[in-house]
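A quick write-up on the structure given underneath.
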Amino acid sequence: MAEREWKKGSAELLILSLIEHEPRHGYELGKLIESRSRGVLRFHVASLYPLLYRLEKRGWIDGRWVEKAGQRRRRYYRLTADGKKILAAQRKTWSAFAQAINRIAGVQHA
Amino acid sequence: MPEWNVEIRRRLAALRLSPIREAEIVEELSQHLEDRFRELLSRGLSQDAASRAALAELSESDLTEALGRLERPAPSTPAAPGATTAGSRVGQLLQDVRFGFRMLRTRPGFTAVAVLTLALGVGANTAIFSTVNGVLLRPLPYPESGNLVTFWGTAPEKGLPVVNYPEAMFVFFHQRNRVFESLAAYTPGGVSLSGDGEPERVATTWVSPDFFTVMRQVPIAGRAFLSEDGTRGKNNVAVLSHALWRRRFGGDRNLVGKSILVGGQPIVVVGIMPPGFDFPDRSDMWLPQVLSAENVDDWYLSTVGRLKPGQTVEDAHRDVVAMSDQFFMSRPARFPEAKPGSRAVVQPVLRSLVGDARTPLLVLLGAVGFVLLIAAANIGNLLLARSVARSREMAMRCCLGASTGRLTAQLLTESLVLAVLGGGAGLLLGALGIRVIQGLQVGPVPRLAEVRLDPLALFFTLGVTLLAGVLFGVAPALRVSRVDPLDGLREGARSGTSGGTRRLSQGFVVAQFALSLVLLIGAGLLLRSFRRTMEVDPGFRPENVLTARVQLPWPKYGNDTVVRVFQNRLLESVRSLPGVHQVGLVNRVPFSRGNPQSNLYVEGQPPKPGEAVPVINMRGASPGYFEAIGTPILRGRGFLSSDVPGSPPVVVVDETVARQFWPGGDAIGKRIRTNTDSTTPWLTIVGVAPNVKHASLRERSNFELYWPIAQNPTWSSYIVIRAAGAPEGLVAGLRRAVSELDPTLPVSDVHTMEGAMAESLSLARLTNVLLTGFAGLALLLAVIGIYGVMSLNVNGRLSEFGVRLALGAAPQDVLRLVMRQGLVLALLGLFIGLGGALWLTRFLGSLLFEVSPMDPVTFLTVAGVLTIAAVAACYIPARRATRADPIAVLRRD
């Protein structure tokens with residue numbers, strides 16, 4: 001349960017970060033989150049896509065069908081200009097938040 | 001490999017996404033699942049395990065709900081290209097309304113029938129409801145008019161439903177009553193107004209001084225009556241109506257305090273009433289009535305009283321009865337037979353003003369209600385039929401993604417559009433109907449001229465229309481909501497009808513026939529009784545007869561000799577006019593107002609103890625009167641110029657008197673008188689005339705007595721002229737003749753005898769015309785209804801009939817089959833209607849004349865007519881059934 005709450009708060013930031021430098025499709029995003037978090041965070045199809053559609057609807061990311069030779073076409077998502085601003089803002093908030101948590105949690109452990 | 005698409009689609013179905021968007025999502029998600037599946041396989045899972053794991057991830061959280069918050073459903077009427085996709089409800093409503101209009105335009109026949117049916121139903125209701133409201137319900141224009149009551153004695157056993165009170169009795173009531181805040185007596189009549197301008201007869205009411213207090217009327221100029229105005233010598237004052245003041249005196253403010261010539265006498269105008277006040281019955285002038293506490297002989301006063309707060313009509317009735325008993329029992333010399341239990345009628349003034357018009361109006365209101373129900377059933381049926389014909393369209397839309405809610409909303413909107421069109425047209429028809437009813441000149445219906453299409457009627461119509469719209473919309477809509485689209489498509493192919501729909505429309509037909517039967521029987525009974533009325537012999541020949549009233553003012557014509565001389569000269573002068581065949585005078589002509597009566601004592605036949613003294617109508621007639629009016633003398637003689645004062649007092653009686661008192665013998669030579677005191681002379685019967693109807697063709701025969709008017713002249717008399725041809729042309733000559741004799745005399749109440757009789761029948765005629773019209777409309781609608789249902793039925797079963805015919809059934813068998821089905825419905829309706837009619841026609845009782853409310857002839861005739869109509873209406877679709885071609889029908893599938 002705790003994992004689910006954390007995911008909710010951080011999911012947007014994760015997606016936006018992962019497509020910051022190159023467009024990625026949904027399955028790839030799911031795999032990256034799982035592998036980079038070493039299996040702590042997982043987004044499966046039923047939660048990942050509604051999230052992507054929501055971000056797209058807000059205009060932060062943009063999905064496009066791309067066909068590559070010998071493959072079925074896939075939908076790649078890239079960051080929009082608006083998305084870039086949001087990402088910067090969220091990063092700032094998140095790091096301030098994380099530092100605050102760390103400070104409190106660190107003091108308590110000491 | 002699993003069917004990812006199917007699994008994903010199943011989860012998206014409830015969202016009703018646009019097909020393009022749905023396809024996109026399905027593709028993207030199935031791609032993902034496919035990747036995941038392959039990954040799991042590469043890790044060594046079995047096909048089954050990998051597939052299960054991938055699908056489990058699809059179900060890990062609620063995809064449908066998460067997407068539902070994001071994605072917009074597709075517009076639900078894809079059948080209308082270019083339609084708005086804006087999700088707003090207003091947009092949808094506008095779209096539905098536009099679409100509704102378009103649907104109605106594409107089927108002009110259906111639309112015309114439905115709108116016309118609704119318009120007729122609503123129009124008839126609006127007109128009658130407005131009339132009933134304006135005549136029966138709207139309060140009188142006097143302050144707190146609900147507390148105003150009137151009362152009178154009644155003696156139906158003597159043929160006297162209304163007995164007015166003598167002055168002494170009113171004075172007694174005035175002093176002793178406990179229920180009235182104020183009480184007044186009044187007597188309507190007329191006087192001649194002369195002086196500047198043409199002499200005219202003015203509707204005048206003699207009133208006790210309290211009258212304006214009772215009515216709570218404050219004059220706009222001058223004053224109302226004071227109690228001293230009601231004493232002899234001080235009573236030469238008048239209060240004028242606003243209308244008379246404006247019309248005759250130009251609204252002159254200085255008129256108050258001046259004298260005017262009333263009946264040749266100077267009378268001082270003391271007050272002017274506010275506009276609109278003309279109680280009772282369009283009074284233009286009010287004169288004070290001098291009342292004597294001693295007079296118990298002249299029974300002529302009407303009453304109007306204002307109830308004290310908290311007192312009811314019933315309280316007033318108890319009080320009036322108690323006071324009447326006291327009055328009679330305290331005067332044993334005058335009323336030796338008096339005993340407790342006097343009878344009186346107390347009514348709110350509004351109710352008594354409306355009088356005879358009440359029952360017919362309520363009957364008509366009930367009848368139009370029926371018409372509206374029948375119309376509603378018809379429209380319900382039409383819409384049901386439409387929805388059946390459109391089930392394929394609806395099923396198609398359902399499959400294309402329209403939700404049931406949207407389809408229902410659209411069907412409701414369509415019926416509402418229909419209802420508003422019909423209601424609007426109905427409102428116009430209603431306004432027209434009110435004009436027509438007013439144009440019929442129905443004398444006995446008061447306040448008819450003031451009837452307007454009032455807000456209450458408007459709300460009523462609007463309510464009925466909207467209710468009808470919703471109701472009509474609901475049945476087809478319910479039908480749609482239950483239809484499975486695939487069934488709809490399949491069923492649509494065969495254009496059949498479901499059992500529920502059929503039962504509903506059959507129910508409508510049964511109800512229509514039942515209601516129509518009740519209406520037709522009501523109309524039939526009224527028509528029959530009207531014919532009976534027209535067959536009544538009035539006792540005279542009304543054709544080519546002109547009558548007019550001449551009233552001689554007192555004191556100019558203060559003694560009998562002057563009156564006699566004037567009347568003789570008038571008769572002579574009119575007789576010499578070209579075109580005059582016969583002429584005579586009478587104190588009260590048939591079908592005029594008022595009916596002077598007296599007690600009747602027959603020589604040698606004193607009334608038995610405890611038996612009421614008979615009452616007789618008193619008519620003073622000149623020689624020539626019987627010839628002029630066309631009443632033949634059956635035995636003996638009429639009046640001669642030798643029947644004058646000094647010659648033996650003689651009378652003519654009618655055959656009712658002769659039969660009653662000398663059955664089998666001869667009345668000629670017998671003697672009667674009107675009072676028992678020694679000063680009243682015996683009158684010798686010299687002739688017998690047939691009974692004459694006086695107020696109405698439907699009245700029962702009353703005793704009637706004629707005396708020679710010269711032996712006892714009356715100031716007011718009617719001149720009766722029988723013309724050689726049409727009598728209207730004689731009016732100018734008559735007026736000239738009167739004016740030559742006395743230019744101050746007005747000639748009033750000029751009527752042809754036929755006109756007066758027609759006027760007496762106008763209310764019955766109006767009721768007849770309208771009720772017959774409504775019944776005819778009901779019949780037409782019921783026939784359309786059964787025809788429509790049977791057509792629908794036959795169309796739905798054409799293939800069945802085709803097969804039957806192909807398998808060797810004779811066309812006659814198919815014909816019988818269909819006819820039987822239709823007739824069962826009609827007969828079931830008739831059966832139910834008969835029960836309703838037996839119960840409802842009792843309310844017609846008081847309108848019927850010599851026809852029983854359960855008249856078997858009417859019941860059977862009407863049932864026969866309806867059956868024939870049903871047979872005719874079923875025959876056409878039944879014939880179509882016999883021509884069903886099995887090949888064509890089967891190929892159509």
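To be explicit about the labels: the chains of the structure tokens are called A, B, and onward in the order shown, and within each one the residues are counted from 1, while ligands get numbers from 1 in the order they are shown.
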Q. Hey, what's within 9 Å of range 89-98 of chain A if we count only C-alpha atoms and toss same-chain stuff fewer than 6 positions away? As a PyMOL selection string, please?
A. chain A and resi 10+12-13+17
Export of prior selection with N, CA and C atoms as a compact mmCIF listing (two decimals), in the first residue's frame:
# COMPACT_ATOMS: atom_id res chain seq x y z
N SER A 10 4.85 10.31 -7.37
CA SER A 10 6.07 10.46 -8.16
C SER A 10 5.93 10.10 -9.62
N GLU A 12 4.23 11.06 -12.27
CA GLU A 12 4.34 12.07 -13.33
C GLU A 12 5.81 12.45 -13.53
N LEU A 13 6.48 12.69 -12.41
CA LEU A 13 7.88 13.09 -12.48
C LEU A 13 8.73 12.03 -13.18
N SER A 17 10.71 12.61 -16.69
CA SER A 17 12.17 12.51 -16.69
C SER A 17 12.67 11.53 -17.74
(Q) Can you work out which residues from chain B touch chain A at a cut-off of 10 Å (counting only C-alpha atoms) and hand them back as an MDAnalysis selection string? (A) chainID B and resid 24:25 27:36 54:71
Store the residues picked out above, limited to N, CA and C atoms, as a tab-separated table (two decimals), in the first residue's frame.
chain	number	residue	atom	x	y	z
B	24	GLU	N	-7.53	3.12	-31.50
B	24	GLU	CA	-6.18	3.57	-31.16
B	24	GLU	C	-5.73	2.96	-29.84
B	25	ILE	N	-6.61	3.09	-28.84
B	25	ILE	CA	-6.26	2.59	-27.51
B	25	ILE	C	-6.05	1.07	-27.55
B	27	GLU	N	-5.16	-0.75	-30.00
B	27	GLU	CA	-3.90	-1.09	-30.68
B	27	GLU	C	-2.70	-0.91	-29.76
B	28	GLU	N	-2.68	0.23	-29.06
B	28	GLU	CA	-1.55	0.54	-28.22
B	28	GLU	C	-1.44	-0.44	-27.05
B	29	LEU	N	-2.58	-0.72	-26.42
B	29	LEU	CA	-2.56	-1.60	-25.26
B	29	LEU	C	-2.26	-3.05	-25.65
B	30	SER	N	-2.81	-3.47	-26.79
B	30	SER	CA	-2.55	-4.87	-27.16
B	30	SER	C	-1.08	-5.06	-27.57
B	31	GLN	N	-0.51	-3.98	-28.12
B	31	GLN	CA	0.91	-4.00	-28.44
B	31	GLN	C	1.73	-4.23	-27.15
B	32	HIS	N	1.32	-3.48	-26.12
B	32	HIS	CA	2.00	-3.59	-24.83
B	32	HIS	C	1.89	-5.01	-24.28
B	33	LEU	N	0.64	-5.53	-24.28
B	33	LEU	CA	0.43	-6.88	-23.74
B	33	LEU	C	1.23	-7.91	-24.53
B	34	GLU	N	1.27	-7.70	-25.82
B	34	GLU	CA	2.01	-8.62	-26.69
B	34	GLU	C	3.51	-8.62	-26.31
B	35	ASP	N	4.07	-7.41	-26.13
B	35	ASP	CA	5.48	-7.29	-25.72
B	35	ASP	C	5.72	-8.01	-24.41
B	36	ARG	N	4.80	-7.78	-23.47
B	36	ARG	CA	4.94	-8.36	-22.14
B	36	ARG	C	4.87	-9.89	-22.21
B	54	ALA	N	0.07	-11.71	-18.24
B	54	ALA	CA	-0.16	-10.46	-18.97
B	54	ALA	C	-1.57	-9.92	-18.72
B	55	LEU	N	-2.52	-10.84	-18.80
B	55	LEU	CA	-3.91	-10.42	-18.59
B	55	LEU	C	-4.13	-9.94	-17.16
B	56	ALA	N	-3.44	-10.56	-16.20
B	56	ALA	CA	-3.57	-10.16	-14.80
B	56	ALA	C	-3.12	-8.70	-14.66
B	57	GLU	N	-2.05	-8.35	-15.41
B	57	GLU	CA	-1.60	-6.97	-15.33
B	57	GLU	C	-2.64	-5.99	-15.90
B	58	LEU	N	-3.35	-6.48	-16.89
B	58	LEU	CA	-4.42	-5.65	-17.48
B	58	LEU	C	-5.51	-5.37	-16.44
B	59	SER	N	-5.69	-6.33	-15.55
B	59	SER	CA	-6.76	-6.19	-14.56
B	59	SER	C	-6.26	-5.65	-13.24
B	60	GLU	N	-4.97	-5.26	-13.19
B	60	GLU	CA	-4.39	-4.90	-11.89
B	60	GLU	C	-5.09	-3.69	-11.26
B	61	SER	N	-5.41	-2.70	-12.07
B	61	SER	CA	-6.26	-1.62	-11.54
B	61	SER	C	-7.39	-1.41	-12.53
B	62	ASP	N	-8.33	-0.58	-12.15
B	62	ASP	CA	-9.55	-0.47	-12.97
B	62	ASP	C	-9.31	0.46	-14.16
B	63	LEU	N	-8.97	-0.17	-15.27
B	63	LEU	CA	-8.68	0.57	-16.49
B	63	LEU	C	-9.89	1.39	-16.95
B	64	THR	N	-11.06	0.73	-16.91
B	64	THR	CA	-12.27	1.40	-17.39
B	64	THR	C	-12.51	2.69	-16.63
B	65	GLU	N	-12.37	2.59	-15.29
B	65	GLU	CA	-12.67	3.76	-14.48
B	65	GLU	C	-11.64	4.86	-14.74
B	66	ALA	N	-10.37	4.48	-14.81
B	66	ALA	CA	-9.31	5.46	-15.01
B	66	ALA	C	-9.47	6.17	-16.35
B	67	LEU	N	-9.80	5.40	-17.40
B	67	LEU	CA	-9.99	6.01	-18.71
B	67	LEU	C	-11.27	6.82	-18.76
B	68	GLY	N	-12.29	6.32	-18.04
B	68	GLY	CA	-13.59	7.00	-18.04
B	68	GLY	C	-13.45	8.44	-17.57
B	69	ARG	N	-12.46	8.67	-16.63
B	69	ARG	CA	-12.28	10.04	-16.14
B	69	ARG	C	-11.64	10.93	-17.20
B	70	LEU	N	-10.97	10.30	-18.16
B	70	LEU	CA	-10.20	11.05	-19.14
B	70	LEU	C	-10.91	11.25	-20.47
B	71	GLU	N	-11.51	10.12	-20.93
B	71	GLU	CA	-11.98	10.11	-22.32
B	71	GLU	C	-13.43	10.56	-22.41
**Q.** Nearest candidate to Pro23 in chain A (options A:Gly83, A:Leu55, A:Ala100, A:Ile61; using only C-alpha atoms)
**A.** A:Ile61
Q: Please identify all polymer residues within 10 Å of Phe801 in chain B, counting only C-alpha atoms, omitting same-chain residues fewer than 4 positions from it, and present them as a PyMOL selection string.
A: chain B and resi 794-797+805-807+809+811+814-815+817-818+880-886+889
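For range 162-169 of chain B, the residues within 7 Å (counting only C-alpha atoms, excluding itself and residues fewer than 5 positions away along the chain) are Trp152, Gly153, Thr154, Leu291, Ser292, Ala293, Glu294, Asn295, Val296, Asp297, Asp298, Trp299, Tyr300, Leu301, Ser302 and Phe327 of chain B.
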Output file for the selection above: C-alpha atoms, as an mmCIF file, in the first residue's frame:
data_model
loop_
_atom_site.group_PDB
_atom_site.id
_atom_site.type_symbol
_atom_site.label_atom_id
_atom_site.label_comp_id
_atom_site.auth_asym_id
_atom_site.auth_seq_id
_atom_site.Cartn_x
_atom_site.Cartn_y
_atom_site.Cartn_z
ATOM 1 C CA TRP B 152 -86.892 32.462 -1.983
ATOM 2 C CA GLY B 153 -89.798 30.284 -0.990
ATOM 3 C CA THR B 154 -90.704 27.253 -3.025
ATOM 4 C CA LEU B 291 -92.093 48.661 1.870
ATOM 5 C CA SER B 292 -95.164 48.146 4.035
ATOM 6 C CA ALA B 293 -95.133 45.803 7.012
ATOM 7 C CA GLU B 294 -98.839 45.155 6.347
ATOM 8 C CA ASN B 295 -98.760 43.987 2.721
ATOM 9 C CA VAL B 296 -99.034 40.200 2.574
ATOM 10 C CA ASP B 297 -100.942 39.980 -0.715
ATOM 11 C CA ASP B 298 -98.358 40.793 -3.382
ATOM 12 C CA TRP B 299 -95.616 38.159 -3.544
ATOM 13 C CA TYR B 300 -92.993 39.786 -5.716
ATOM 14 C CA LEU B 301 -89.846 40.684 -3.757
ATOM 15 C CA SER B 302 -86.474 39.117 -4.485
ATOM 16 C CA PHE B 327 -94.261 34.639 10.133
#
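Among the candidates B:Tyr557, B:Phe129, B:Phe661, B:Tyr718, the residue lying nearest to Ala628 in chain B is B:Tyr718 (atoms considered: only C-alpha atoms).
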Q: Can you check which residues of range 33-81 of chain A DSSP gives as strand (DSSP E or B) on the backbone and send them as a VMD selection string?
A: chain A and resid 61 to 66 74 to 79
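Distance annotation: of B:Ala50, B:Cys874, B:Val354, B:Ala243, the residue with the minimal separation from Arg138 in chain B is B:Val354; atom set is only C-alpha atoms.
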Q) Hey, what's within 9 Å of Gln512 in chain B if we count only C-alpha atoms and toss same-chain stuff fewer than 6 positions away? As a count of residues only, please? A) 14
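From CA of Leu79 in chain A back to CA of Pro19 in chain B, the distance works out to 27.2 Å.
Taking CA of Gly369 in chain B and CA of Leu840 in chain B as endpoints, the distance between them is 13.7 Å.
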Q. Can you tell me how far CA of Gly250 in chain B sits from CA of Val262 in chain B, in Å to one decimal?
A. 17.7 Å
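Closest approach to Asn568 in chain B among B:Leu552, B:Met534, B:Leu585, B:Leu353: B:Leu585, based on only C-alpha atoms.
Among the candidates A:Ala11, A:Gly70, A:Ile19, A:Arg64, the residue lying nearest to Leu41 in chain A is A:Ala11 (atoms considered: only C-alpha atoms).
All residues of protein, DNA or RNA that reach within 12 Å of Asp82 in chain A, judged by only C-alpha atoms and not counting those fewer than 2 positions away in the chain, are Leu16, Glu20, Leu55, Glu56, Lys57, Arg58, Gly59, Trp60, Ile61, Asp62, Arg78, Leu79, Thr80, Lys84, Lys85, Ile86, Leu87, Ala88 and Ala89 of chain A.
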Q: Tell me which protein, DNA and RNA residues are within 12 Å of range 310-315 of chain B, counting only C-alpha atoms, leaving out same-chain ones fewer than 2 positions away, and put them as number ranges by chain.
A: B: 146-151, 177-181, 305-308, 317-322, 344-349, 351
Restrict the selected residues to N, CA and C atoms and save them as a PDB file, in the first residue's frame.
ATOM      1  N   GLY B 146     -68.496  36.328  -2.445  1.00  0.00           N
ATOM      2  CA  GLY B 146     -68.778  34.969  -1.989  1.00  0.00           C
ATOM      3  C   GLY B 146     -69.753  34.931  -0.824  1.00  0.00           C
ATOM      4  N   ASN B 147     -69.887  36.055  -0.092  1.00  0.00           N
ATOM      5  CA  ASN B 147     -70.798  36.073   1.054  1.00  0.00           C
ATOM      6  C   ASN B 147     -72.207  36.500   0.679  1.00  0.00           C
ATOM      7  N   LEU B 148     -72.427  36.801  -0.614  1.00  0.00           N
ATOM      8  CA  LEU B 148     -73.760  37.256  -1.033  1.00  0.00           C
ATOM      9  C   LEU B 148     -74.642  36.055  -1.345  1.00  0.00           C
ATOM     10  N   VAL B 149     -75.828  36.023  -0.718  1.00  0.00           N
ATOM     11  CA  VAL B 149     -76.760  34.941  -1.011  1.00  0.00           C
ATOM     12  C   VAL B 149     -78.115  35.523  -1.352  1.00  0.00           C
ATOM     13  N   THR B 150     -78.925  34.721  -1.999  1.00  0.00           N
ATOM     14  CA  THR B 150     -80.296  35.106  -2.272  1.00  0.00           C
ATOM     15  C   THR B 150     -81.177  33.943  -1.840  1.00  0.00           C
ATOM     16  N   PHE B 151     -82.427  34.230  -1.513  1.00  0.00           N
ATOM     17  CA  PHE B 151     -83.305  33.139  -1.085  1.00  0.00           C
ATOM     18  C   PHE B 151     -84.737  33.421  -1.485  1.00  0.00           C
ATOM     19  N   ASN B 177     -83.782  38.459  11.379  1.00  0.00           N
ATOM     20  CA  ASN B 177     -82.765  37.469  10.992  1.00  0.00           C
ATOM     21  C   ASN B 177     -81.525  37.597  11.863  1.00  0.00           C
ATOM     22  N   ARG B 178     -80.826  36.461  11.998  1.00  0.00           N
ATOM     23  CA  ARG B 178     -79.609  36.444  12.825  1.00  0.00           C
ATOM     24  C   ARG B 178     -78.365  36.157  11.990  1.00  0.00           C
ATOM     25  N   VAL B 179     -78.540  35.879  10.701  1.00  0.00           N
ATOM     26  CA  VAL B 179     -77.396  35.418   9.905  1.00  0.00           C
ATOM     27  C   VAL B 179     -76.850  36.476   8.953  1.00  0.00           C
ATOM     28  N   PHE B 180     -77.663  37.532   8.686  1.00  0.00           N
ATOM     29  CA  PHE B 180     -77.219  38.478   7.672  1.00  0.00           C
ATOM     30  C   PHE B 180     -76.638  39.728   8.306  1.00  0.00           C
ATOM     31  N   GLU B 181     -75.516  40.155   7.765  1.00  0.00           N
ATOM     32  CA  GLU B 181     -74.913  41.415   8.148  1.00  0.00           C
ATOM     33  C   GLU B 181     -75.805  42.543   7.631  1.00  0.00           C
ATOM     34  N   GLY B 305     -78.729  39.103   0.385  1.00  0.00           N
ATOM     35  CA  GLY B 305     -78.196  39.386   1.720  1.00  0.00           C
ATOM     36  C   GLY B 305     -76.719  39.080   1.792  1.00  0.00           C
ATOM     37  N   ARG B 306     -76.052  39.774   2.707  1.00  0.00           N
ATOM     38  CA  ARG B 306     -74.639  39.485   2.924  1.00  0.00           C
ATOM     39  C   ARG B 306     -74.512  38.736   4.245  1.00  0.00           C
ATOM     40  N   LEU B 307     -73.964  37.512   4.184  1.00  0.00           N
ATOM     41  CA  LEU B 307     -73.835  36.687   5.382  1.00  0.00           C
ATOM     42  C   LEU B 307     -72.846  37.323   6.349  1.00  0.00           C
ATOM     43  N   LYS B 308     -73.166  37.200   7.651  1.00  0.00           N
ATOM     44  CA  LYS B 308     -72.180  37.602   8.651  1.00  0.00           C
ATOM     45  C   LYS B 308     -70.971  36.697   8.531  1.00  0.00           C
ATOM     46  N   HIS B 317     -80.178  29.013   5.556  1.00  0.00           N
ATOM     47  CA  HIS B 317     -81.372  28.235   5.222  1.00  0.00           C
ATOM     48  C   HIS B 317     -82.187  27.955   6.482  1.00  0.00           C
ATOM     49  N   ARG B 318     -81.489  27.493   7.536  1.00  0.00           N
ATOM     50  CA  ARG B 318     -82.183  27.206   8.800  1.00  0.00           C
ATOM     51  C   ARG B 318     -82.902  28.456   9.298  1.00  0.00           C
ATOM     52  N   ASP B 319     -82.217  29.574   9.243  1.00  0.00           N
ATOM     53  CA  ASP B 319     -82.778  30.818   9.769  1.00  0.00           C
ATOM     54  C   ASP B 319     -83.998  31.253   8.951  1.00  0.00           C
ATOM     55  N   VAL B 320     -83.897  31.177   7.614  1.00  0.00           N
ATOM     56  CA  VAL B 320     -85.001  31.610   6.752  1.00  0.00           C
ATOM     57  C   VAL B 320     -86.225  30.730   6.987  1.00  0.00           C
ATOM     58  N   VAL B 321     -85.998  29.414   7.111  1.00  0.00           N
ATOM     59  CA  VAL B 321     -87.124  28.496   7.342  1.00  0.00           C
ATOM     60  C   VAL B 321     -87.778  28.816   8.687  1.00  0.00           C
ATOM     61  N   ALA B 322     -86.955  29.010   9.715  1.00  0.00           N
ATOM     62  CA  ALA B 322     -87.500  29.295  11.042  1.00  0.00           C
ATOM     63  C   ALA B 322     -88.304  30.594  11.021  1.00  0.00           C
ATOM     64  N   ALA B 344     -87.819  26.745   1.685  1.00  0.00           N
ATOM     65  CA  ALA B 344     -87.100  27.877   1.092  1.00  0.00           C
ATOM     66  C   ALA B 344     -85.839  27.357   0.414  1.00  0.00           C
ATOM     67  N   VAL B 345     -85.383  28.114  -0.547  1.00  0.00           N
ATOM     68  CA  VAL B 345     -84.116  27.797  -1.213  1.00  0.00           C
ATOM     69  C   VAL B 345     -83.166  28.953  -0.939  1.00  0.00           C
ATOM     70  N   VAL B 346     -81.962  28.650  -0.450  1.00  0.00           N
ATOM     71  CA  VAL B 346     -80.951  29.688  -0.247  1.00  0.00           C
ATOM     72  C   VAL B 346     -79.768  29.333  -1.142  1.00  0.00           C
ATOM     73  N   GLN B 347     -79.330  30.282  -1.938  1.00  0.00           N
ATOM     74  CA  GLN B 347     -78.218  30.017  -2.863  1.00  0.00           C
ATOM     75  C   GLN B 347     -77.244  31.181  -2.874  1.00  0.00           C
ATOM     76  N   PRO B 348     -75.956  30.881  -3.084  1.00  0.00           N
ATOM     77  CA  PRO B 348     -75.042  31.982  -3.355  1.00  0.00           C
ATOM     78  C   PRO B 348     -75.544  32.749  -4.578  1.00  0.00           C
ATOM     79  N   VAL B 349     -75.354  34.064  -4.572  1.00  0.00           N
ATOM     80  CA  VAL B 349     -75.882  34.881  -5.669  1.00  0.00           C
ATOM     81  C   VAL B 349     -75.341  34.406  -7.020  1.00  0.00           C
ATOM     82  N   ARG B 351     -74.452  31.452  -7.949  1.00  0.00           N
ATOM     83  CA  ARG B 351     -75.124  30.226  -8.349  1.00  0.00           C
ATOM     84  C   ARG B 351     -76.509  30.519  -8.915  1.00  0.00           C
TER      85      ARG B 351
END
Q) Using only C-alpha atoms, which residue out of B:Ile868, B:Leu834, B:Leu571, B:Leu519 lies closest to Val583 in chain B? A) B:Leu571
